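To start, the structure under review is shown below, and the notes come after it.
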Amino acid sequence: MLKIAVIGGDGTGPEVAREGLKVLAAAAKKEGFDYQSKDFDYGGERYLAQGGDPEKPGKPPINDAEIAELRQFDVIYLGAVGHPDVAPGILEKGLLLKLRFDLDQYINLRPVKLYPGVDCPLKDKGPEHVDFIVVRENTEDLYAGGGGFLRKGTPNEVATQEMIATRFGVERCLRYAFELTRKRNRKKMLTLVAKTNVLTFAHDLWWRAFNEIGEADYPDIKRDYNHVDACCMWFVKNPEYYDVIVTPNMFGDIITDLGAMIQGGMGIAAGGNINPAGVSMFEPIGGSAPKYTGQNVINPLAAIGAMAMLLQVVGDIKDDAKVARAGDRVEAAITKTCPKLKSMSAGRMGYSTTEVGDLVCQAL
Ligand code: IPM
Ligand code: MN
């Protein structure tokens, strides 16, 4: 039976996660499978309640025994991380990134898909133009935490932040992306997004690995390359160009926020932190939106989309057709629901958070 750990998290996280779980319950009933879910209260409130320092990292927001418990589940469903009373970085690093790293969720999968009826800020672009997937490496690069200070606090201070690329980490990410491109079977084109003209060490490794692996094992996949700055330009000018993109962690972080905007905003953008052989974690990619907390106005579609991905990916990995079909069903229901909303933005949907969840359930 599918076992899901639910971390509602901070701000509007628990509200949107609740809608995702509501849709899951309805979809599981339609497909006829059972599952278990268990709630965990990790987040800013608990960190502060347990005496965590709001200013600097102290007590860990999640400890190793708690992570070990999460390993007993098939998958994690996350609402949001980020609390207004906790300094930036403490929860992000101590909870979100810790989970991604400790559970070795080395792929961050972020589809950029404009659903019908959703306003696109790009002139003359519709759902037929915005439909691609970003595969963001999720455990290395500037996120690995390498670096330090020298003479901190003095006028001669030196601070370094290291861009880490390992052949192992790059290769497993590239292979995942090649396989996905093959399976998706659209343009069969994989675009590496990097900055080989400046980052001549780390991205040279990416470039060589990309070509070696592609040539040896994926001759059917067209290899394409964009510098990251040019990629940002094409997202706006020609998004229909893309099929699958693979990119290092930091660039992936940045371009997927731009991607979220061209698919209609943070209210609709979902992502998955995937360890194909371990415990993955699915989340809406927007933040905790503290100012909307408890008002029943936040858009739950990103969280519901994350639930669709969870079911599709976990169904696939566990080879469980019912679960995977439930994921497709949820995605189709989102497609039917989008045109009913006036806007994807909080407070302007024409419906409340819970009503949008109900609309998706009805469309299943
Ligand atoms: C994201 C977020 C995180 C990231 C932050 C909160 C650490 O921006 O999921 O894209 O940089 O990966
Ligand atoms: Mn981000």
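Following the order of the structure tokens, chains are lettered A, B, ..., residues in each are numbered from 1, and ligands are numbered from 1.
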*Please provide as a PyMOL selection string all residues within 12 Å of A:Asn185, with the sequence filter that same-chain residues fewer than 5 positions apart are discarded (counting only C-alpha atoms).*
chain A and resi 132+178-180+190+220-222+243-244
*Enumerate, as a PyMOL selection string, the complete set of residues in stretch 9-227 of chain A that a backbone-based DSSP assignment places in alpha helix (DSSP H).*
chain A and resi 13-31+44-49+64-70+90-91+98-102+167-184+202-217
*Which residue, A:Gly287, A:Gly126, A:Pro61, A:Gly11, has the smallest gap to ligand 1 when you use only C-alpha atoms and all ligand atoms?*
A:Gly287
_Shell of 8 Å around stretch 85-88 of chain A, only C-alpha atoms, local chain residues under 5 positions omitted, as a list in words_ = Gly44, Asp53, Pro54, Glu55 and Lys56 of chain A
Could you write out that same residue set with all heavy atoms as a compact mmCIF listing (two decimals), in the first residue's frame?
```
# COMPACT_ATOMS: atom_id res chain seq x y z
N GLY A 44 8.43 26.09 10.48
CA GLY A 44 8.84 27.22 11.32
C GLY A 44 8.18 27.25 12.69
O GLY A 44 8.84 27.52 13.70
N ASP A 53 16.42 29.12 17.42
CA ASP A 53 16.79 30.53 17.35
C ASP A 53 16.25 31.13 16.05
O ASP A 53 16.55 30.62 14.96
CB ASP A 53 18.33 30.63 17.39
CG ASP A 53 18.81 32.06 17.53
OD1 ASP A 53 18.11 32.98 17.07
OD2 ASP A 53 19.91 32.26 18.09
N PRO A 54 15.43 32.20 16.14
CA PRO A 54 14.88 32.76 14.90
C PRO A 54 15.92 33.49 14.06
O PRO A 54 15.70 33.75 12.87
CB PRO A 54 13.81 33.74 15.39
CG PRO A 54 14.11 34.01 16.82
CD PRO A 54 14.92 32.86 17.34
N GLU A 55 17.08 33.83 14.68
CA GLU A 55 18.08 34.65 13.98
C GLU A 55 19.16 33.84 13.28
O GLU A 55 19.65 34.22 12.23
CB GLU A 55 18.77 35.61 14.97
CG GLU A 55 17.84 36.55 15.70
CD GLU A 55 17.11 37.48 14.75
OE1 GLU A 55 17.64 37.73 13.64
OE2 GLU A 55 16.01 37.94 15.11
N LYS A 56 19.58 32.75 13.96
CA LYS A 56 20.67 31.98 13.35
C LYS A 56 20.45 30.48 13.58
O LYS A 56 19.74 30.10 14.52
CB LYS A 56 22.03 32.40 13.92
CG LYS A 56 22.14 32.39 15.43
CD LYS A 56 23.53 32.87 15.82
CE LYS A 56 23.85 32.64 17.28
NZ LYS A 56 22.86 33.21 18.23
```
*Set the cut-off to 10 Å, count only C-alpha atoms and all ligand atoms, and list whatever residues fall near ligand 1 as a PyMOL selection string.*
chain A and resi 80-82+88-98+100+108+110+136+138-139+143+249-257+270-273+283-288
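Take the candidates A:Val246, A:Leu48, A:Ala303, A:Leu199 and check each one against A:Met266 using only C-alpha atoms; the shortest distance goes to A:Ala303.
Distances from A:Ala260, A:Met189, A:Ile107, A:Ala165 to A:Pro219 were compared using only C-alpha atoms, and the smallest one belongs to A:Met189.
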*Which residues, written as a ChimeraX atom specification, have at least one atom at most 8 Å from A:Lys30, with only C-alpha atoms counted and residues fewer than 3 positions away on the same chain left out?*
/A:26-27,326
Selection to disk with N, CA and C atoms, as a tab-separated table (two decimals), in the first residue's frame:
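Resulting contents of out.tsv:
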```tsv
chain	number	residue	atom	x	y	z
A	26	ALA	N	-10.23	11.37	-3.48
A	26	ALA	CA	-11.24	11.15	-4.53
A	26	ALA	C	-10.68	10.33	-5.69
A	27	ALA	N	-9.43	10.62	-6.06
A	27	ALA	CA	-8.83	9.90	-7.20
A	27	ALA	C	-8.57	8.43	-6.85
A	326	ALA	N	-4.21	7.29	-11.64
A	326	ALA	CA	-4.81	8.32	-10.78
A	326	ALA	C	-4.10	9.66	-11.01
```
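Note that DSSP on the backbone gives strand (DSSP E or B) to these residues of stretch 183-337 of chain A: Met189, Leu190, Thr191, Leu192, Val193, Ala194, Lys222, Arg223, Asp224, Tyr225, Asn226, His227, Val244, Ile245, Val246, Thr247, Ala270, Gly271, Gly272, Asn273, Ile274, Ser280, Met281, Phe282, Glu283 and Pro284 of chain A.
For the pair atom CA of A:Lys322 and atom CA of A:Phe33, the separation is 6.8 Å.
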*asked:* With only C-alpha atoms as the counted atoms, please give the residues lying no more than 9 Å from A:Asp119, apart from itself and same-chain residues fewer than 5 positions off, as a list in words.
replied: Leu114, Gly126, Ile262, Gln263, Gly264, Ser343 and Met344 of chain A
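For the set A:Val330, A:Ala324, A:Gln50, A:Gly259, the residue with the smallest atom-to-atom gap to ligand 2 is A:Gly259, counting only C-alpha atoms and all ligand atoms.
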